[in-house]
>>> print(open('start33.cif').read())   # mmCIF, C-alpha atoms, pLDDT in the B column; chains and numbers go by the auth columns
data_structure
#
loop_
_atom_site.group_PDB
_atom_site.id
_atom_site.type_symbol
_atom_site.label_atom_id
_atom_site.label_comp_id
_atom_site.label_asym_id
_atom_site.label_seq_id
_atom_site.Cartn_x
_atom_site.Cartn_y
_atom_site.Cartn_z
_atom_site.B_iso_or_equiv
_atom_site.auth_seq_id
_atom_site.auth_asym_id
ATOM 1 C CA MET A 1 101.939 200.562 82.200 41.00 1235 A
ATOM 2 C CA ALA A 2 102.972 200.512 78.536 54.00 1236 A
ATOM 3 C CA ALA A 3 100.652 202.030 75.954 62.00 1237 A
ATOM 4 C CA LYS A 4 98.535 199.644 73.928 68.00 1238 A
ATOM 5 C CA PRO A 5 100.148 198.973 70.521 77.00 1239 A
ATOM 6 C CA LEU A 6 98.513 200.379 67.402 88.00 1240 A
ATOM 7 C CA GLN A 7 95.948 197.798 66.294 94.00 1241 A
ATOM 8 C CA THR A 8 95.474 198.971 62.706 96.00 1242 A
ATOM 9 C CA PRO A 9 98.680 200.451 61.308 97.00 1243 A
ATOM 10 C CA GLU A 10 98.741 201.788 57.779 97.00 1244 A
ATOM 11 C CA THR A 11 101.387 202.707 55.271 97.00 1245 A
ATOM 12 C CA THR A 12 101.405 204.187 51.788 98.00 1246 A
ATOM 13 C CA TYR A 13 103.100 202.481 48.845 98.00 1247 A
ATOM 14 C CA ARG A 14 103.651 203.487 45.234 98.00 1248 A
ATOM 15 C CA ILE A 15 102.606 200.968 42.573 98.00 1249 A
ATOM 16 C CA HIS A 16 105.674 200.106 40.480 98.00 1250 A
ATOM 17 C CA PHE A 17 105.724 199.480 36.733 97.00 1251 A
ATOM 18 C CA GLN A 18 107.274 195.995 37.001 97.00 1252 A
ATOM 19 C CA ASP A 19 104.322 194.884 39.173 98.00 1253 A
ATOM 20 C CA CYS A 20 101.669 195.813 36.611 98.00 1254 A
ATOM 21 C CA ASP A 21 99.961 194.023 33.737 97.00 1255 A
ATOM 22 C CA MET A 22 99.738 195.352 30.190 96.00 1256 A
ATOM 23 C CA LEU A 23 96.782 197.568 31.162 97.00 1257 A
ATOM 24 C CA GLY A 24 98.860 199.311 33.821 97.00 1258 A
ATOM 25 C CA HIS A 25 96.954 197.655 36.666 98.00 1259 A
ATOM 26 C CA LEU A 26 98.677 195.964 39.575 98.00 1260 A
ATOM 27 C CA ASN A 27 98.948 192.279 38.655 98.00 1261 A
ATOM 28 C CA ASN A 28 96.582 190.155 40.779 96.00 1262 A
ATOM 29 C CA ALA A 29 99.413 188.008 42.151 96.00 1263 A
ATOM 30 C CA ARG A 30 101.393 191.101 43.165 98.00 1264 A
ATOM 31 C CA TYR A 31 98.614 192.285 45.507 98.00 1265 A
ATOM 32 C CA LEU A 32 99.730 189.537 47.877 98.00 1266 A
ATOM 33 C CA ASP A 33 103.314 190.854 47.827 98.00 1267 A
ATOM 34 C CA TYR A 34 102.190 194.402 48.610 98.00 1268 A
ATOM 35 C CA PHE A 35 99.911 193.212 51.408 98.00 1269 A
ATOM 36 C CA LEU A 36 102.407 190.841 53.010 97.00 1270 A
ATOM 37 C CA ASN A 37 105.266 193.339 52.743 97.00 1271 A
ATOM 38 C CA ALA A 38 103.072 195.959 54.413 98.00 1272 A
ATOM 39 C CA ARG A 39 102.192 193.558 57.240 97.00 1273 A
ATOM 40 C CA GLU A 40 105.841 192.706 57.787 96.00 1274 A
ATOM 41 C CA ASP A 41 106.664 196.435 57.893 96.00 1275 A
ATOM 42 C CA HIS A 42 103.833 196.990 60.364 97.00 1276 A
ATOM 43 C CA THR A 43 104.879 194.164 62.713 95.00 1277 A
ATOM 44 C CA THR A 44 108.458 195.433 62.739 95.00 1278 A
ATOM 45 C CA GLU A 45 107.663 199.136 63.109 94.00 1279 A
ATOM 46 C CA HIS A 46 104.673 199.003 65.447 94.00 1280 A
ATOM 47 C CA TYR A 47 105.120 195.797 67.473 92.00 1281 A
ATOM 48 C CA ALA A 48 108.929 195.418 67.505 90.00 1282 A
ATOM 49 C CA LEU A 49 108.335 191.921 66.157 91.00 1283 A
ATOM 50 C CA ASN A 50 110.870 190.662 63.611 92.00 1284 A
ATOM 51 C CA LEU A 51 109.247 187.533 62.181 91.00 1285 A
ATOM 52 C CA GLY A 52 112.487 185.981 60.875 91.00 1286 A
ATOM 53 C CA GLN A 53 114.301 186.555 64.141 93.00 1287 A
ATOM 54 C CA MET A 54 111.341 185.167 66.100 91.00 1288 A
ATOM 55 C CA ALA A 55 111.357 181.999 63.990 92.00 1289 A
ATOM 56 C CA GLN A 56 115.085 181.516 64.690 93.00 1290 A
ATOM 57 C CA GLU A 57 114.836 182.217 68.402 93.00 1291 A
ATOM 58 C CA GLN A 58 111.629 180.295 69.111 92.00 1292 A
ATOM 59 C CA GLY A 59 112.007 177.651 66.423 95.00 1293 A
ATOM 60 C CA ALA A 60 108.456 178.468 65.309 96.00 1294 A
ATOM 61 C CA GLY A 61 106.649 180.895 63.061 95.00 1295 A
ATOM 62 C CA TRP A 62 103.465 181.502 61.119 96.00 1296 A
ATOM 63 C CA VAL A 63 102.771 179.932 57.745 96.00 1297 A
ATOM 64 C CA ILE A 64 99.886 180.950 55.555 97.00 1298 A
ATOM 65 C CA THR A 65 97.230 178.283 55.214 97.00 1299 A
ATOM 66 C CA LYS A 66 94.612 180.203 53.225 97.00 1300 A
ATOM 67 C CA HIS A 67 93.934 183.539 51.514 97.00 1301 A
ATOM 68 C CA HIS A 68 90.594 185.157 50.742 97.00 1302 A
ATOM 69 C CA ILE A 69 90.980 188.141 48.423 98.00 1303 A
ATOM 70 C CA ALA A 70 88.571 190.517 46.741 98.00 1304 A
ATOM 71 C CA TYR A 71 89.737 192.746 43.883 98.00 1305 A
ATOM 72 C CA LEU A 72 87.356 195.710 43.877 98.00 1306 A
ATOM 73 C CA ARG A 73 89.109 198.543 41.993 97.00 1307 A
ATOM 74 C CA PRO A 74 92.377 198.525 40.077 98.00 1308 A
ATOM 75 C CA ALA A 75 95.557 199.867 41.613 98.00 1309 A
ATOM 76 C CA ASN A 76 97.306 201.648 38.760 98.00 1310 A
ATOM 77 C CA HIS A 77 100.945 202.115 37.824 98.00 1311 A
ATOM 78 C CA GLY A 78 102.435 205.129 39.609 98.00 1312 A
ATOM 79 C CA GLU A 79 99.488 205.444 41.991 98.00 1313 A
ATOM 80 C CA THR A 80 100.036 205.714 45.718 98.00 1314 A
ATOM 81 C CA VAL A 81 97.858 203.366 47.775 98.00 1315 A
ATOM 82 C CA ARG A 82 97.233 203.093 51.503 98.00 1316 A
ATOM 83 C CA ILE A 83 97.485 199.625 53.087 98.00 1317 A
ATOM 84 C CA ARG A 84 95.950 198.899 56.497 98.00 1318 A
ATOM 85 C CA THR A 85 96.527 195.649 58.344 98.00 1319 A
ATOM 86 C CA GLN A 86 94.908 194.285 61.471 97.00 1320 A
ATOM 87 C CA LEU A 87 94.537 191.089 63.443 98.00 1321 A
ATOM 88 C CA ILE A 88 90.868 190.061 63.443 98.00 1322 A
ATOM 89 C CA HIS A 89 91.061 186.586 65.012 97.00 1323 A
ATOM 90 C CA PHE A 90 93.437 184.332 66.914 97.00 1324 A
ATOM 91 C CA ASP A 91 93.444 181.212 69.028 97.00 1325 A
ATOM 92 C CA ASN A 92 96.150 178.967 70.527 97.00 1326 A
ATOM 93 C CA SER A 93 97.820 178.204 67.187 97.00 1327 A
ATOM 94 C CA ASN A 94 96.091 180.222 64.450 98.00 1328 A
ATOM 95 C CA LEU A 95 95.476 183.804 63.471 97.00 1329 A
ATOM 96 C CA VAL A 96 93.697 185.778 60.773 98.00 1330 A
ATOM 97 C CA VAL A 97 94.993 189.102 59.498 98.00 1331 A
ATOM 98 C CA GLU A 98 92.778 191.414 57.483 98.00 1332 A
ATOM 99 C CA MET A 99 94.518 193.709 55.006 98.00 1333 A
ATOM 100 C CA GLN A 100 92.879 196.525 53.089 98.00 1334 A
ATOM 101 C CA MET A 101 94.240 198.418 50.102 98.00 1335 A
ATOM 102 C CA LEU A 102 92.658 201.823 49.644 98.00 1336 A
ATOM 103 C CA SER A 103 93.169 204.946 47.587 98.00 1337 A
ATOM 104 C CA GLU A 104 95.823 207.263 48.987 98.00 1338 A
ATOM 105 C CA ASP A 105 93.166 209.385 50.745 96.00 1339 A
ATOM 106 C CA GLY A 106 91.627 206.237 52.299 96.00 1340 A
ATOM 107 C CA GLN A 107 88.239 206.890 50.672 95.00 1341 A
ATOM 108 C CA ARG A 108 88.063 204.105 48.055 96.00 1342 A
ATOM 109 C CA LEU A 109 88.512 200.427 48.826 98.00 1343 A
ATOM 110 C CA LYS A 110 90.582 198.674 46.155 98.00 1344 A
ATOM 111 C CA SER A 111 91.143 195.233 47.644 98.00 1345 A
ATOM 112 C CA VAL A 112 90.613 193.224 50.828 98.00 1346 A
ATOM 113 C CA LEU A 113 92.631 190.205 51.922 98.00 1347 A
ATOM 114 C CA TRP A 114 92.163 187.784 54.793 98.00 1348 A
ATOM 115 C CA SER A 115 95.256 185.685 55.446 98.00 1349 A
ATOM 116 C CA GLU A 116 94.782 182.686 57.706 98.00 1350 A
ATOM 117 C CA MET A 117 97.970 181.472 59.357 98.00 1351 A
ATOM 118 C CA ALA A 118 99.046 178.568 61.538 98.00 1352 A
ATOM 119 C CA PHE A 119 101.873 178.708 64.062 98.00 1353 A
ATOM 120 C CA VAL A 120 104.265 175.836 63.297 97.00 1354 A
ATOM 121 C CA ARG A 121 107.572 174.443 64.497 96.00 1355 A
ATOM 122 C CA VAL A 122 110.275 175.215 61.946 94.00 1356 A
ATOM 123 C CA ALA A 123 112.130 171.889 62.305 94.00 1357 A
ATOM 124 C CA SER A 124 109.114 169.578 61.960 95.00 1358 A
ATOM 125 C CA ALA A 125 106.562 171.813 60.157 93.00 1359 A
ATOM 126 C CA THR A 126 103.960 170.732 62.705 96.00 1360 A
ATOM 127 C CA ARG A 127 101.424 173.006 64.348 97.00 1361 A
ATOM 128 C CA THR A 128 102.322 174.282 67.806 97.00 1362 A
ATOM 129 C CA ASP A 129 100.739 176.625 70.346 97.00 1363 A
ATOM 130 C CA HIS A 130 101.610 180.280 70.684 97.00 1364 A
ATOM 131 C CA THR A 131 103.725 181.081 73.721 95.00 1365 A
ATOM 132 C CA ASP A 132 102.079 182.907 76.621 96.00 1366 A
ATOM 133 C CA ALA A 133 103.948 186.089 75.657 93.00 1367 A
ATOM 134 C CA LEU A 134 102.632 185.839 72.064 95.00 1368 A
ATOM 135 C CA MET A 135 99.102 185.193 73.327 97.00 1369 A
ATOM 136 C CA ASP A 136 99.349 188.370 75.436 95.00 1370 A
ATOM 137 C CA LEU A 137 100.558 190.387 72.430 94.00 1371 A
ATOM 138 C CA LEU A 138 97.871 188.919 70.132 96.00 1372 A
ATOM 139 C CA ASP A 139 95.230 189.768 72.726 96.00 1373 A
ATOM 140 C CA GLN A 140 96.377 193.412 72.675 95.00 1374 A
ATOM 141 C CA LEU A 141 96.406 193.514 68.866 96.00 1375 A
ATOM 142 C CA ASP A 142 93.073 191.794 68.221 96.00 1376 A
ATOM 143 C CA VAL A 143 90.539 194.225 66.737 95.00 1377 A
ATOM 144 C CA GLU A 144 87.419 193.281 68.641 90.00 1378 A
ATOM 145 C CA ASP A 145 84.931 195.369 66.650 90.00 1379 A
ATOM 146 C CA VAL A 146 85.481 193.116 63.617 91.00 1380 A
ATOM 147 C CA SER A 147 83.479 189.971 64.210 87.00 1381 A
ATOM 148 C CA TYR A 148 85.273 187.139 62.471 93.00 1382 A
ATOM 149 C CA ASP A 149 83.329 184.347 60.794 94.00 1383 A
ATOM 150 C CA PRO A 150 85.411 181.921 58.693 93.00 1384 A
ATOM 151 C CA ASP A 151 82.643 181.969 56.061 95.00 1385 A
ATOM 152 C CA GLY A 152 81.947 185.695 56.342 95.00 1386 A
ATOM 153 C CA PHE A 153 84.541 187.206 54.015 96.00 1387 A
ATOM 154 C CA ASP A 154 82.061 188.418 51.382 96.00 1388 A
ATOM 155 C CA ASP A 155 79.828 189.939 54.065 95.00 1389 A
ATOM 156 C CA ARG A 156 82.835 191.756 55.554 96.00 1390 A
ATOM 157 C CA VAL A 157 83.763 193.212 52.146 96.00 1391 A
ATOM 158 C CA LYS A 158 80.175 194.469 51.701 96.00 1392 A
ATOM 159 C CA ARG A 159 80.205 196.090 55.172 94.00 1393 A
ATOM 160 C CA LEU A 160 83.562 197.805 54.489 95.00 1394 A
ATOM 161 C CA ARG A 161 82.341 199.188 51.163 95.00 1395 A
ATOM 162 C CA LYS A 162 79.106 200.427 52.722 95.00 1396 A
ATOM 163 C CA GLN A 163 80.980 202.086 55.609 93.00 1397 A
ATOM 164 C CA LEU A 164 83.375 203.898 53.248 93.00 1398 A
ATOM 165 C CA LYS A 165 80.432 205.048 51.118 92.00 1399 A
ATOM 166 C CA ARG A 166 78.684 206.441 54.236 91.00 1400 A
ATOM 167 C CA ASP A 167 81.933 208.117 55.312 89.00 1401 A
ATOM 168 C CA ARG A 168 82.300 209.772 51.896 86.00 1402 A
ATOM 169 C CA ALA A 169 78.658 210.917 51.921 87.00 1403 A
ATOM 170 C CA GLY A 170 79.164 212.426 55.382 82.00 1404 A
ATOM 171 C CA GLN A 171 82.178 214.372 54.151 74.00 1405 A
ATOM 172 C CA ASP A 172 80.177 215.690 51.192 64.00 1406 A
ATOM 173 C CA ASP A 173 77.564 217.087 53.623 60.00 1407 A
ATOM 174 C CA GLU A 174 80.143 219.148 55.526 56.00 1408 A
#
>>> encode(input="start33.cif", output="structure tokens")
Amino acid sequence: MAAKPLQTPETTYRIHFQDCDMLGHLNNARYLDYFLNAREDHTTEHYALNLGQMAQEQGAGWVITKHHIAYLRPANHGETVRIRTQLIHFDNSNLVVEMQMLSEDGQRLKSVLWSEMAFVRVASATRTDHTDALMDLLDQLDVEDVSYDPDGFDDRVKRLRKQLKRDRAGQDDE
């Protein structure tokens, strides 16, 4: 039996000058680029899933229908950040991916993004169901200890911040 794929991959990225505002902070719109590029890297590297190729072969792919984003701490020019991505909800034709940007050491939460996506036919841009094979993969990737509530984004951000604060306090005690 094949090993279960990594549910929450993470990668580090360096914040580039051209992506920053005049204060040297990552521009708010560029957070989406960093997050979505990280997720694409993660799906390719960890799930052997090339989204462009899948869309060509199956004639269907995911389109983003909604973003929820919280900007908590600035990501600064030249800084290295850690980006984690994970699937927190799916059904027959939708999914929700949570993405977290943290300090390089993973101790400080900088931003959280929920991206809601619909699976659509490329030719007609109409919603369609995931294939059985995709449903099996999504079931393996779904992070079950994150309870998804469409209206619970702010509560999730609070829980993440509290958990990281407890983790840091525990490290200080050692």
>>> residues_around(input="start33.cif", residues="Phe1387 (chain A)", least_positions_apart="3", cutoff="9 Å", atoms="all atoms listed in the file", output="JSON, numbers by chain")
{"A": [1302, 1303, 1304, 1347, 1348, 1382, 1383, 1384, 1390, 1391, 1392]}
>>> resolve_selection(input="start33.cif", expression="the PyMOL selection byres ((chain A and resi 1267-1277) around 9)", output="PDB file with C-alpha atoms, in the frame of the given file")
ATOM      1  CA  THR A1242      95.474 198.971  62.706  1.00 96.00           C
ATOM      2  CA  PRO A1243      98.680 200.451  61.308  1.00 97.00           C
ATOM      3  CA  GLU A1244      98.741 201.788  57.779  1.00 97.00           C
ATOM      4  CA  THR A1245     101.387 202.707  55.271  1.00 97.00           C
ATOM      5  CA  THR A1246     101.405 204.187  51.788  1.00 98.00           C
ATOM      6  CA  TYR A1247     103.100 202.481  48.845  1.00 98.00           C
ATOM      7  CA  ILE A1249     102.606 200.968  42.573  1.00 98.00           C
ATOM      8  CA  ALA A1263      99.413 188.008  42.151  1.00 96.00           C
ATOM      9  CA  ARG A1264     101.393 191.101  43.165  1.00 98.00           C
ATOM     10  CA  TYR A1265      98.614 192.285  45.507  1.00 98.00           C
ATOM     11  CA  LEU A1266      99.730 189.537  47.877  1.00 98.00           C
ATOM     12  CA  THR A1278     108.458 195.433  62.739  1.00 95.00           C
ATOM     13  CA  GLU A1279     107.663 199.136  63.109  1.00 94.00           C
ATOM     14  CA  HIS A1280     104.673 199.003  65.447  1.00 94.00           C
ATOM     15  CA  TYR A1281     105.120 195.797  67.473  1.00 92.00           C
ATOM     16  CA  ALA A1282     108.929 195.418  67.505  1.00 90.00           C
ATOM     17  CA  LEU A1283     108.335 191.921  66.157  1.00 91.00           C
ATOM     18  CA  ASN A1284     110.870 190.662  63.611  1.00 92.00           C
ATOM     19  CA  LEU A1285     109.247 187.533  62.181  1.00 91.00           C
ATOM     20  CA  ILE A1317      97.485 199.625  53.087  1.00 98.00           C
ATOM     21  CA  ARG A1318      95.950 198.899  56.497  1.00 98.00           C
ATOM     22  CA  THR A1319      96.527 195.649  58.344  1.00 98.00           C
ATOM     23  CA  GLN A1320      94.908 194.285  61.471  1.00 97.00           C
ATOM     24  CA  VAL A1331      94.993 189.102  59.498  1.00 98.00           C
ATOM     25  CA  MET A1333      94.518 193.709  55.006  1.00 98.00           C
ATOM     26  CA  GLN A1334      92.879 196.525  53.089  1.00 98.00           C
ATOM     27  CA  MET A1335      94.240 198.418  50.102  1.00 98.00           C
ATOM     28  CA  LEU A1347      92.631 190.205  51.922  1.00 98.00           C
TER      29      LEU A1347
END
>>> resolve_selection(input="start33.cif", expression="the PyMOL selection byres ((chain A and resi 1308-1312) around 10)", output="MDAnalysis selection string")
chainID A and resid 1247:1255 1257:1262 1265 1305:1307 1313:1315 1335:1337 1343:1345
>>> axis_aligned_box(input="start33.cif", around="region 1310-1317 of chain A", padding_each_side="3 Å", output="AutoDock Vina command-line options")
--center_x 99.8 --center_y 202.7 --center_z 45.5 --size_x 11.2 --size_y 12.1 --size_z 21.3
>>> closest_residue(input="start33.cif", among="A:Leu1398, A:Leu1375, A:Ala1403, A:Val1354", to="Gly1295 (chain A)", atoms="only C-alpha atoms")
A:Val1354
>>> atom_distance(input="start33.cif", atom1="CA of Ile1298 (chain A)", atom2="CA of Arg1342 (chain A)")
27.1 Å
